[in-house]
file protein.txt (compact mmCIF, C-alpha atoms)
# COMPACT_ATOMS: atom_id res chain seq x y z
CA MET F 1 76.94 78.74 90.66
CA SER F 2 80.52 77.88 91.59
CA ALA F 3 82.11 78.76 94.94
CA THR F 4 84.06 81.54 93.22
CA GLY F 5 80.86 82.95 91.77
CA ARG F 6 79.09 82.83 95.13
CA VAL F 7 81.95 84.63 96.87
CA ARG F 8 82.14 87.22 94.08
CA SER F 9 78.41 87.86 94.25
CA GLU F 10 78.39 88.28 98.05
CA ALA F 11 81.50 90.48 97.94
CA SER F 12 79.90 92.69 95.30
CA ALA F 13 76.79 93.11 97.44
CA ALA F 14 78.91 93.87 100.53
CA TRP F 15 80.93 96.48 98.63
CA ARG F 16 77.79 98.22 97.37
CA SER F 17 76.39 98.18 100.89
CA PHE F 18 79.57 99.85 102.18
CA VAL F 19 79.75 102.62 99.58
CA ARG F 20 76.07 103.48 100.16
CA ARG F 21 76.88 104.32 103.78
CA ARG F 22 78.52 107.68 103.21
CA THR F 23 79.29 108.25 106.88
CA ALA F 24 81.12 104.93 107.10
CA VAL F 25 83.10 105.70 103.95
CA PHE F 26 84.02 109.16 105.20
CA PHE F 27 85.29 108.08 108.60
CA THR F 28 87.02 104.94 107.31
CA PHE F 29 89.32 107.10 105.19
CA PHE F 30 89.27 110.36 107.17
CA PHE F 31 90.15 108.90 110.57
CA PRO F 32 93.72 107.89 109.62
CA VAL F 33 94.17 111.31 108.02
CA ILE F 34 93.24 112.98 111.31
CA LEU F 35 95.56 110.65 113.20
CA ILE F 36 98.56 111.42 111.02
CA LEU F 37 97.88 115.15 111.03
CA ILE F 38 97.70 115.18 114.84
CA PHE F 39 100.69 113.00 115.66
CA ALA F 40 102.97 113.37 112.65
CA VAL F 41 102.39 117.08 111.99
CA LEU F 42 101.21 118.73 115.23
CA VAL F 43 102.77 116.58 117.96
CA GLN F 44 105.69 115.38 115.82
CA THR F 45 108.49 113.17 117.08
CA ASN F 46 111.37 113.96 119.40
CA PRO F 47 114.16 111.46 118.71
CA THR F 48 116.44 112.93 121.38
CA GLY F 49 113.91 113.65 124.09
CA GLY F 50 112.79 110.21 125.26
CA GLY F 51 109.27 109.16 126.16
CA LEU F 52 106.44 108.66 123.70
CA PHE F 53 107.15 109.53 120.06
CA ALA F 54 110.87 109.52 120.75
CA GLU F 55 111.64 107.65 117.52
CA PRO F 56 111.90 109.05 113.96
CA PRO F 57 108.57 109.43 112.08
CA GLY F 58 109.05 106.29 109.99
CA TYR F 59 109.12 104.13 113.10
CA TYR F 60 105.44 104.81 113.72
CA LEU F 61 104.14 103.93 110.24
CA PRO F 62 103.09 100.42 111.42
CA GLY F 63 101.08 102.07 114.20
CA TYR F 64 99.13 104.24 111.78
CA LEU F 65 98.45 101.22 109.56
CA ALA F 66 97.51 99.15 112.60
CA VAL F 67 94.68 101.57 113.43
CA VAL F 68 92.74 100.75 110.25
CA VAL F 69 93.91 97.12 110.10
CA LEU F 70 92.61 96.53 113.62
CA PHE F 71 89.56 98.73 114.19
CA THR F 72 87.85 98.55 110.80
CA PRO F 73 87.55 94.74 110.43
CA LEU F 74 86.60 94.21 114.06
CA SER F 75 83.75 96.71 114.00
CA ARG F 76 82.56 96.19 110.42
CA VAL F 77 82.47 92.39 110.34
CA GLY F 78 81.30 92.11 113.94
CA SER F 79 78.46 94.55 113.31
CA GLU F 80 77.59 92.81 110.05
CA VAL F 81 77.29 89.43 111.74
CA ALA F 82 75.19 90.93 114.54
CA ARG F 83 72.98 92.76 112.02
CA HIS F 84 72.44 89.61 109.98
CA ARG F 85 71.61 87.65 113.11
CA GLU F 86 69.14 90.24 114.41
CA GLY F 87 67.45 90.49 111.01
CA ASN F 88 67.31 86.71 110.54
CA ARG F 89 69.37 87.10 107.38
CA PHE F 90 71.45 84.01 108.05
CA GLU F 91 68.23 81.99 107.92
CA LYS F 92 67.62 83.40 104.45
CA LEU F 93 71.21 82.73 103.40
CA ALA F 94 70.79 79.13 104.56
CA THR F 95 68.36 78.63 101.70
CA THR F 96 71.18 79.42 99.24
CA PRO F 97 74.34 77.41 98.46
CA LEU F 98 76.48 80.10 100.14
CA SER F 99 78.39 78.56 103.06
CA ARG F 100 79.48 80.36 106.21
CA ALA F 101 83.14 80.23 105.13
CA GLU F 102 82.25 81.71 101.74
CA TRP F 103 80.22 84.47 103.38
CA LEU F 104 83.10 85.40 105.68
CA LEU F 105 85.62 85.18 102.84
CA ALA F 106 83.55 87.57 100.72
CA HIS F 107 83.33 90.14 103.50
CA THR F 108 87.03 89.68 104.26
CA LEU F 109 87.93 90.44 100.64
CA VAL F 110 85.86 93.63 100.77
CA ASN F 111 87.62 94.69 103.96
CA VAL F 112 91.02 93.93 102.43
CA ALA F 113 90.14 96.20 99.51
CA ILE F 114 88.85 98.99 101.75
CA ILE F 115 91.81 98.87 104.11
CA GLY F 116 94.23 98.51 101.22
CA ILE F 117 92.99 101.83 99.87
CA ALA F 118 93.20 103.39 103.33
CA GLY F 119 96.73 101.98 103.72
CA LEU F 120 97.85 103.59 100.46
CA LEU F 121 96.41 106.87 101.70
CA ILE F 122 98.39 106.52 104.94
CA LEU F 123 101.61 105.73 103.08
CA GLY F 124 101.13 108.70 100.80
CA LEU F 125 100.42 111.08 103.66
CA MET F 126 103.39 109.82 105.66
CA ALA F 127 105.70 110.34 102.70
CA LEU F 128 104.20 113.80 102.15
CA VAL F 129 104.23 115.19 105.69
CA THR F 130 107.34 113.49 107.10
CA GLY F 131 109.46 112.90 104.03
CA THR F 132 110.96 109.61 102.91
CA ALA F 133 114.30 109.77 104.75
CA SER F 134 113.22 107.15 107.29
CA LEU F 135 110.93 105.16 104.98
CA ALA F 136 111.75 102.38 102.53
CA LEU F 137 108.86 102.32 100.09
CA GLY F 138 110.21 100.44 97.10
CA PRO F 139 107.96 98.14 95.03
CA ALA F 140 109.25 94.95 96.68
CA ASN F 141 108.75 96.35 100.16
CA LEU F 142 105.25 97.59 99.36
CA ALA F 143 104.26 94.20 97.96
CA LEU F 144 105.37 92.51 101.18
CA VAL F 145 103.60 95.14 103.29
CA ALA F 146 100.44 94.40 101.28
CA ALA F 147 100.80 90.73 102.28
CA PHE F 148 101.03 91.72 105.95
CA VAL F 149 97.95 93.93 105.58
CA GLY F 150 95.98 91.19 103.83
CA PHE F 151 96.74 88.57 106.48
CA ALA F 152 96.11 90.96 109.37
CA VAL F 153 92.78 92.12 107.95
CA ALA F 154 91.65 88.52 107.44
CA LEU F 155 92.71 87.69 110.99
CA PHE F 156 90.72 90.53 112.55
CA CYS F 157 87.76 89.81 110.28
CA GLY F 158 87.72 86.36 111.83
CA LEU F 159 87.92 87.84 115.32
CA GLY F 160 85.17 90.30 114.40
CA ALA F 161 82.97 87.40 113.33
CA VAL F 162 83.60 85.74 116.69
CA LEU F 163 82.54 88.94 118.49
CA GLY F 164 79.47 89.26 116.26
CA GLY F 165 78.49 85.69 117.06
CA LEU F 166 78.93 86.11 120.81
CA ALA F 167 77.68 89.66 121.46
CA ASP F 168 73.97 90.18 122.07
CA SER F 169 73.62 93.26 119.82
CA GLN F 170 75.43 95.58 117.44
CA ASP F 171 76.13 97.95 120.33
CA GLY F 172 77.64 95.04 122.21
CA VAL F 173 79.92 94.30 119.25
CA ILE F 174 81.17 97.91 119.14
CA ALA F 175 81.80 97.92 122.89
CA ALA F 176 83.61 94.58 122.78
CA SER F 177 85.69 95.51 119.73
CA ASN F 178 86.84 98.78 121.30
CA THR F 179 87.65 97.01 124.56
CA ILE F 180 89.86 94.55 122.69
CA ALA F 181 91.31 96.92 120.08
CA LEU F 182 92.49 99.76 122.32
CA PRO F 183 94.81 97.64 124.52
CA LEU F 184 96.08 95.74 121.47
CA LEU F 185 96.86 98.97 119.63
CA PHE F 186 99.09 100.40 122.34
CA LEU F 187 100.60 97.16 123.69
CA SER F 188 101.68 95.57 120.40
CA ASP F 189 104.93 97.40 119.58
CA THR F 190 103.16 100.07 117.57
CA PHE F 191 103.19 103.52 119.20
CA VAL F 192 104.60 102.43 122.57
CA THR F 193 108.10 101.02 122.26
CA PRO F 194 108.93 97.91 124.31
CA GLY F 195 111.50 99.89 126.31
CA LEU F 196 108.72 101.99 127.83
CA LEU F 197 106.95 98.93 129.24
CA PRO F 198 107.92 96.93 132.36
CA ALA F 199 110.36 94.12 131.67
CA TRP F 200 107.95 91.53 133.10
CA PHE F 201 105.24 92.56 130.60
CA ARG F 202 107.30 92.54 127.39
CA PRO F 203 106.99 88.78 126.73
CA ALA F 204 103.20 89.23 126.79
CA MET F 205 103.48 91.41 123.69
CA ASN F 206 104.19 88.22 121.73
CA LEU F 207 100.65 87.04 122.50
CA SER F 208 99.19 89.83 120.36
CA PRO F 209 98.77 89.10 116.63
CA LEU F 210 99.17 92.82 115.99
CA THR F 211 102.74 92.64 117.32
CA TYR F 212 103.80 90.42 114.43
CA PHE F 213 102.13 92.77 111.96
CA ALA F 214 103.79 95.86 113.42
CA ARG F 215 107.25 94.32 113.65
CA GLY F 216 107.12 92.88 110.16
CA VAL F 217 105.93 96.10 108.56
CA ARG F 218 108.54 98.10 110.48
CA GLU F 219 111.32 95.79 109.32
CA LEU F 220 110.19 96.32 105.73
CA THR F 221 109.59 100.07 105.75
CA TYR F 222 111.68 101.71 108.47
CA ARG F 223 115.10 103.08 107.62
CA MET F 224 117.19 103.65 110.72
CA SER F 225 118.22 107.28 110.97
CA ALA F 226 121.75 108.56 111.10
CA SER F 227 123.17 107.10 114.30
CA GLY F 228 125.89 105.03 112.72
CA ALA F 229 123.46 102.42 111.43
CA GLU F 230 123.13 101.64 107.76
CA PRO F 231 119.73 102.13 106.09
CA LEU F 232 117.82 98.90 105.71
CA ALA F 233 118.02 97.34 102.27
CA GLU F 234 114.81 96.76 100.36
CA ALA F 235 113.40 93.23 100.57
CA ALA F 236 116.53 92.02 102.36
CA LEU F 237 115.48 92.56 105.96
CA ALA F 238 116.05 89.86 108.54
CA GLY F 239 113.04 88.93 110.61
CA TRP F 240 110.05 89.85 108.50
CA GLU F 241 109.74 86.29 107.19
CA SER F 242 109.15 84.82 110.65
CA ASN F 243 106.66 87.55 111.52
CA LEU F 244 104.76 86.94 108.29
CA ALA F 245 104.73 83.18 108.90
CA VAL F 246 103.36 83.56 112.43
CA LEU F 247 100.75 86.05 111.21
CA ALA F 248 99.68 83.69 108.41
CA VAL F 249 99.22 80.77 110.85
CA LEU F 250 97.23 82.95 113.25
CA THR F 251 95.09 84.17 110.36
CA VAL F 252 94.07 80.61 109.50
CA VAL F 253 93.20 79.93 113.14
CA PHE F 254 91.15 83.10 113.64
CA PHE F 255 89.40 82.78 110.27
CA ALA F 256 88.38 79.21 111.13
CA ALA F 257 87.13 80.40 114.54
CA GLY F 258 85.16 83.20 112.87
CA THR F 259 83.58 80.76 110.43
CA TYR F 260 82.57 78.50 113.31
CA ALA F 261 81.12 81.44 115.27
CA ILE F 262 78.77 82.53 112.49
CA PRO F 263 75.27 81.31 113.48
CA ARG F 264 74.51 77.89 112.02
CA THR F 265 71.07 77.78 110.42
CA ASP F 266 71.33 74.73 108.20
call {"tool": "encode", "arguments": {"input": "protein.txt", "output": "structure tokens"}}
result
Amino acid sequence: MSATGRVRSEASAAWRSFVRRRTAVFFTFFFPVILILIFAVLVQTNPTGGGLFAEPPGYYLPGYLAVVVLFTPLSRVGSEVARHREGNRFEKLATTPLSRAEWLLAHTLVNVAIIGIAGLLILGLMALVTGTASLALGPANLALVAAFVGFAVALFCGLGAVLGGLADSQDGVIAASNTIALPLLFLSDTFVTPGLLPAWFRPAMNLSPLTYFARGVRELTYRMSASGAEPLAEAALAGWESNLAVLAVLTVVFFAAGTYAIPRTD
């Protein structure tokens, strides 16, 4: 069997394993719905009031996407690595031609598909409940956003594999992933604007991979509201290229680290 065939076979098995877990399926797609309903519908934004949620609704789209891009790969891949290790499944896989990189790639592709569907759900809900006045959702923009999502998911799948290889149990993976994900979510230019943070801390935001995801997606999707600024033109937004390039480089690094962290049994 070729490498493509091995990856396809493992990805197919991982997808079937996911859809059989009805609770996981439900919360993977229902959690972002709850988040949007709470913050975009109930809390809403207050562009003239200052503080949290002081920007137009479209500004926070990268934050909603970041929730599933960050939490889902970390917990799913980390738990999967820990589960395989505890059940001695990597020893069984070592008897097959499937390499560690191919195993991680297969599970990454499944997560990209899952989170891609969840991302489309988030985009649809945002357009439905907040309108499209502050959103640029043309085909070119959406294709570039999909690239950001794909790279970010692969990056956090790699980090999840590192956590799964280091943690002593599945519970340890969940605890570690939440400990890492919560600070990243709120300190990566997603829901908390840089202006609300101390000046001395703002350069540290550039150390978070999620910052490059959030800024790139915002540059592609956010139309500045009527304050004298022109709406952003589709696929002609300065800055997203550099954010995508940095995210792509970090993805390669984290994916390689995740591959190395998977238990070696050969």
call {"tool": "residues_around", "arguments": {"input": "protein.txt", "residues": "Leu247 of chain F", "least_positions_apart": "6", "cutoff": "9 Å", "atoms": "only C-alpha atoms", "output": "VMD selection string"}}
result
chain F and resid 148 151 to 152 155 209 to 210 212 to 213
call {"tool": "atom_distance", "arguments": {"input": "protein.txt", "atom1": "atom CA of Met205 of chain F", "atom2": "atom CA of Ala248 of chain F"}}
result
17.5 Å
call {"tool": "atom_distance", "arguments": {"input": "protein.txt", "atom1": "atom CA of Phe31 of chain F", "atom2": "atom CA of Leu65 of chain F"}}
result
11.4 Å
call {"tool": "closest_residue", "arguments": {"input": "protein.txt", "among": "F:Asp189, F:Glu219, F:Glu80, F:Glu241", "to": "Tyr64 of chain F", "atoms": "only C-alpha atoms"}}
result
F:Asp189
call {"tool": "closest_residue", "arguments": {"input": "protein.txt", "among": "F:Gly124, F:Ile114, F:Pro56, F:Ser188", "to": "Phe18 of chain F", "atoms": "all atoms listed in the file"}}
result
F:Ile114
call {"tool": "atom_distance", "arguments": {"input": "protein.txt", "atom1": "atom CA of Arg21 of chain F", "atom2": "atom CA of Gly116 of chain F"}}
result
18.5 Å
call {"tool": "closest_residue", "arguments": {"input": "protein.txt", "among": "F:Gly158, F:Leu109, F:Phe29, F:Glu86", "to": "Ser12 of chain F", "atoms": "only C-alpha atoms"}}
result
F:Leu109
call {"tool": "decode", "arguments": {"input": "protein.txt", "residues": "segment 95-245 of chain F", "atoms": "C-alpha atoms", "output": "short mmCIF file (atom, residue, chain, number, x, y, z; two decimals), in the first residue's frame"}}
result
data_model
loop_
_atom_site.label_atom_id
_atom_site.label_comp_id
_atom_site.auth_asym_id
_atom_site.auth_seq_id
_atom_site.Cartn_x
_atom_site.Cartn_y
_atom_site.Cartn_z
CA THR F 95 3.84 -3.93 12.87
CA THR F 96 2.30 -2.08 9.88
CA PRO F 97 3.99 0.17 7.31
CA LEU F 98 2.19 3.21 8.77
CA SER F 99 4.75 5.74 10.02
CA ARG F 100 4.27 8.19 12.88
CA ALA F 101 4.12 11.13 10.45
CA GLU F 102 1.48 9.36 8.36
CA TRP F 103 -0.57 8.57 11.48
CA LEU F 104 -0.49 12.21 12.60
CA LEU F 105 -1.24 13.46 9.09
CA ALA F 106 -4.30 11.22 8.86
CA HIS F 107 -5.69 12.47 12.17
CA THR F 108 -4.85 16.05 11.20
CA LEU F 109 -6.85 15.71 7.98
CA VAL F 110 -9.84 14.42 9.94
CA ASN F 111 -9.60 17.37 12.32
CA VAL F 112 -9.33 19.79 9.41
CA ALA F 113 -12.55 18.34 7.98
CA ILE F 114 -14.37 18.45 11.32
CA ILE F 115 -13.29 22.00 12.13
CA GLY F 116 -13.92 23.11 8.57
CA ILE F 117 -17.55 22.07 8.97
CA ALA F 118 -17.73 23.78 12.36
CA GLY F 119 -16.16 26.90 10.84
CA LEU F 120 -18.80 27.04 8.11
CA LEU F 121 -21.45 26.75 10.81
CA ILE F 122 -19.87 29.67 12.69
CA LEU F 123 -19.70 31.81 9.56
CA GLY F 124 -23.32 31.07 8.74
CA LEU F 125 -24.50 31.86 12.25
CA MET F 126 -22.50 35.09 12.39
CA ALA F 127 -23.99 36.23 9.09
CA LEU F 128 -27.45 35.27 10.33
CA VAL F 129 -27.46 36.81 13.80
CA THR F 130 -25.25 39.87 13.23
CA GLY F 131 -25.75 40.61 9.56
CA THR F 132 -23.04 41.00 6.94
CA ALA F 133 -22.40 44.75 7.24
CA SER F 134 -19.07 44.21 9.02
CA LEU F 135 -18.15 40.94 7.30
CA ALA F 136 -16.43 40.32 3.97
CA LEU F 137 -17.36 36.78 3.01
CA GLY F 138 -16.66 36.62 -0.71
CA PRO F 139 -15.36 33.41 -2.33
CA ALA F 140 -11.74 34.63 -2.46
CA ASN F 141 -11.79 35.66 1.19
CA LEU F 142 -13.36 32.38 2.29
CA ALA F 143 -10.75 30.38 0.38
CA LEU F 144 -7.96 32.25 2.17
CA VAL F 145 -9.70 31.85 5.53
CA ALA F 146 -9.86 28.10 4.82
CA ALA F 147 -6.07 28.14 4.36
CA PHE F 148 -5.64 29.85 7.74
CA VAL F 149 -7.95 27.28 9.35
CA GLY F 150 -6.10 24.36 7.76
CA PHE F 151 -2.66 25.55 8.88
CA ALA F 152 -3.86 26.43 12.39
CA VAL F 153 -5.57 23.07 12.87
CA ALA F 154 -2.46 21.22 11.72
CA LEU F 155 -0.34 23.32 14.08
CA PHE F 156 -2.48 22.55 17.12
CA CYS F 157 -2.75 18.90 16.12
CA GLY F 158 1.03 18.82 16.36
CA LEU F 159 0.93 20.51 19.75
CA GLY F 160 -1.79 18.09 20.85
CA ALA F 161 0.44 15.18 19.87
CA VAL F 162 3.24 16.67 21.97
CA LEU F 163 0.88 16.91 24.96
CA GLY F 164 -0.34 13.35 24.38
CA GLY F 165 3.23 12.11 24.30
CA LEU F 166 4.23 13.93 27.49
CA ALA F 167 1.12 13.64 29.69
CA ASP F 168 0.73 10.55 31.85
CA SER F 169 -2.98 9.96 31.05
CA GLN F 170 -5.94 11.18 29.03
CA ASP F 171 -7.06 13.27 32.00
CA GLY F 172 -3.61 14.82 32.08
CA VAL F 173 -3.93 15.72 28.40
CA ILE F 174 -7.28 17.46 28.97
CA ALA F 175 -5.90 19.39 31.94
CA ALA F 176 -2.77 20.42 30.05
CA SER F 177 -4.68 21.39 26.89
CA ASN F 178 -7.10 23.58 28.85
CA THR F 179 -4.23 25.19 30.75
CA ILE F 180 -2.55 26.11 27.47
CA ALA F 181 -5.66 26.92 25.42
CA LEU F 182 -7.44 29.30 27.78
CA PRO F 183 -4.58 31.85 28.07
CA LEU F 184 -3.89 31.58 24.33
CA LEU F 185 -7.54 32.21 23.48
CA PHE F 186 -7.79 35.47 25.38
CA LEU F 187 -4.23 36.77 24.90
CA SER F 188 -3.93 36.30 21.13
CA ASP F 189 -5.80 39.31 19.72
CA THR F 190 -9.09 37.43 19.56
CA PHE F 191 -11.70 38.65 22.06
CA VAL F 192 -9.41 40.96 24.05
CA THR F 193 -8.09 43.82 21.93
CA PRO F 194 -4.41 44.77 22.36
CA GLY F 195 -5.43 48.18 23.69
CA LEU F 196 -6.93 46.55 26.78
CA LEU F 197 -3.63 44.90 27.71
CA PRO F 198 -0.60 46.56 29.36
CA ALA F 199 1.85 48.04 26.89
CA TRP F 200 4.69 45.90 28.24
CA PHE F 201 2.73 42.70 27.50
CA ARG F 202 1.65 43.43 23.93
CA PRO F 203 4.90 42.25 22.27
CA ALA F 204 4.37 38.87 23.98
CA MET F 205 1.22 38.40 21.90
CA ASN F 206 3.49 37.79 18.91
CA LEU F 207 4.74 34.62 20.60
CA SER F 208 1.32 33.00 20.24
CA PRO F 209 0.61 31.15 16.97
CA LEU F 210 -3.06 31.93 17.46
CA THR F 211 -2.28 35.65 17.12
CA TYR F 212 -1.24 35.20 13.50
CA PHE F 213 -4.39 33.20 12.80
CA ALA F 214 -6.66 35.79 14.39
CA ARG F 215 -5.03 38.77 12.71
CA GLY F 216 -4.97 37.14 9.30
CA VAL F 217 -8.60 36.04 9.44
CA ARG F 218 -9.66 39.48 10.70
CA GLU F 219 -7.84 41.20 7.85
CA LEU F 220 -9.68 38.97 5.39
CA THR F 221 -13.18 39.09 6.85
CA TYR F 222 -13.64 42.27 8.88
CA ARG F 223 -15.10 45.34 7.24
CA MET F 224 -14.42 48.47 9.25
CA SER F 225 -17.68 50.14 10.22
CA ALA F 226 -18.69 53.65 9.35
CA SER F 227 -16.12 55.84 11.06
CA GLY F 228 -14.67 57.40 7.96
CA ALA F 229 -12.80 54.25 6.97
CA GLU F 230 -13.43 52.50 3.70
CA PRO F 231 -14.61 48.87 3.78
CA LEU F 232 -11.82 46.42 3.16
CA ALA F 233 -11.61 45.09 -0.38
CA GLU F 234 -11.88 41.36 -0.92
CA ALA F 235 -8.58 39.52 -1.32
CA ALA F 236 -6.68 42.82 -1.41
CA LEU F 237 -5.91 43.25 2.27
CA ALA F 238 -2.44 44.22 3.39
CA GLY F 239 -0.92 42.04 6.07
CA TRP F 240 -2.65 38.70 5.74
CA GLU F 241 0.16 37.32 3.59
CA SER F 242 2.78 37.77 6.31
CA ASN F 243 0.47 36.28 8.94
CA LEU F 244 -0.20 33.27 6.72
CA ALA F 245 3.51 32.80 6.05
#
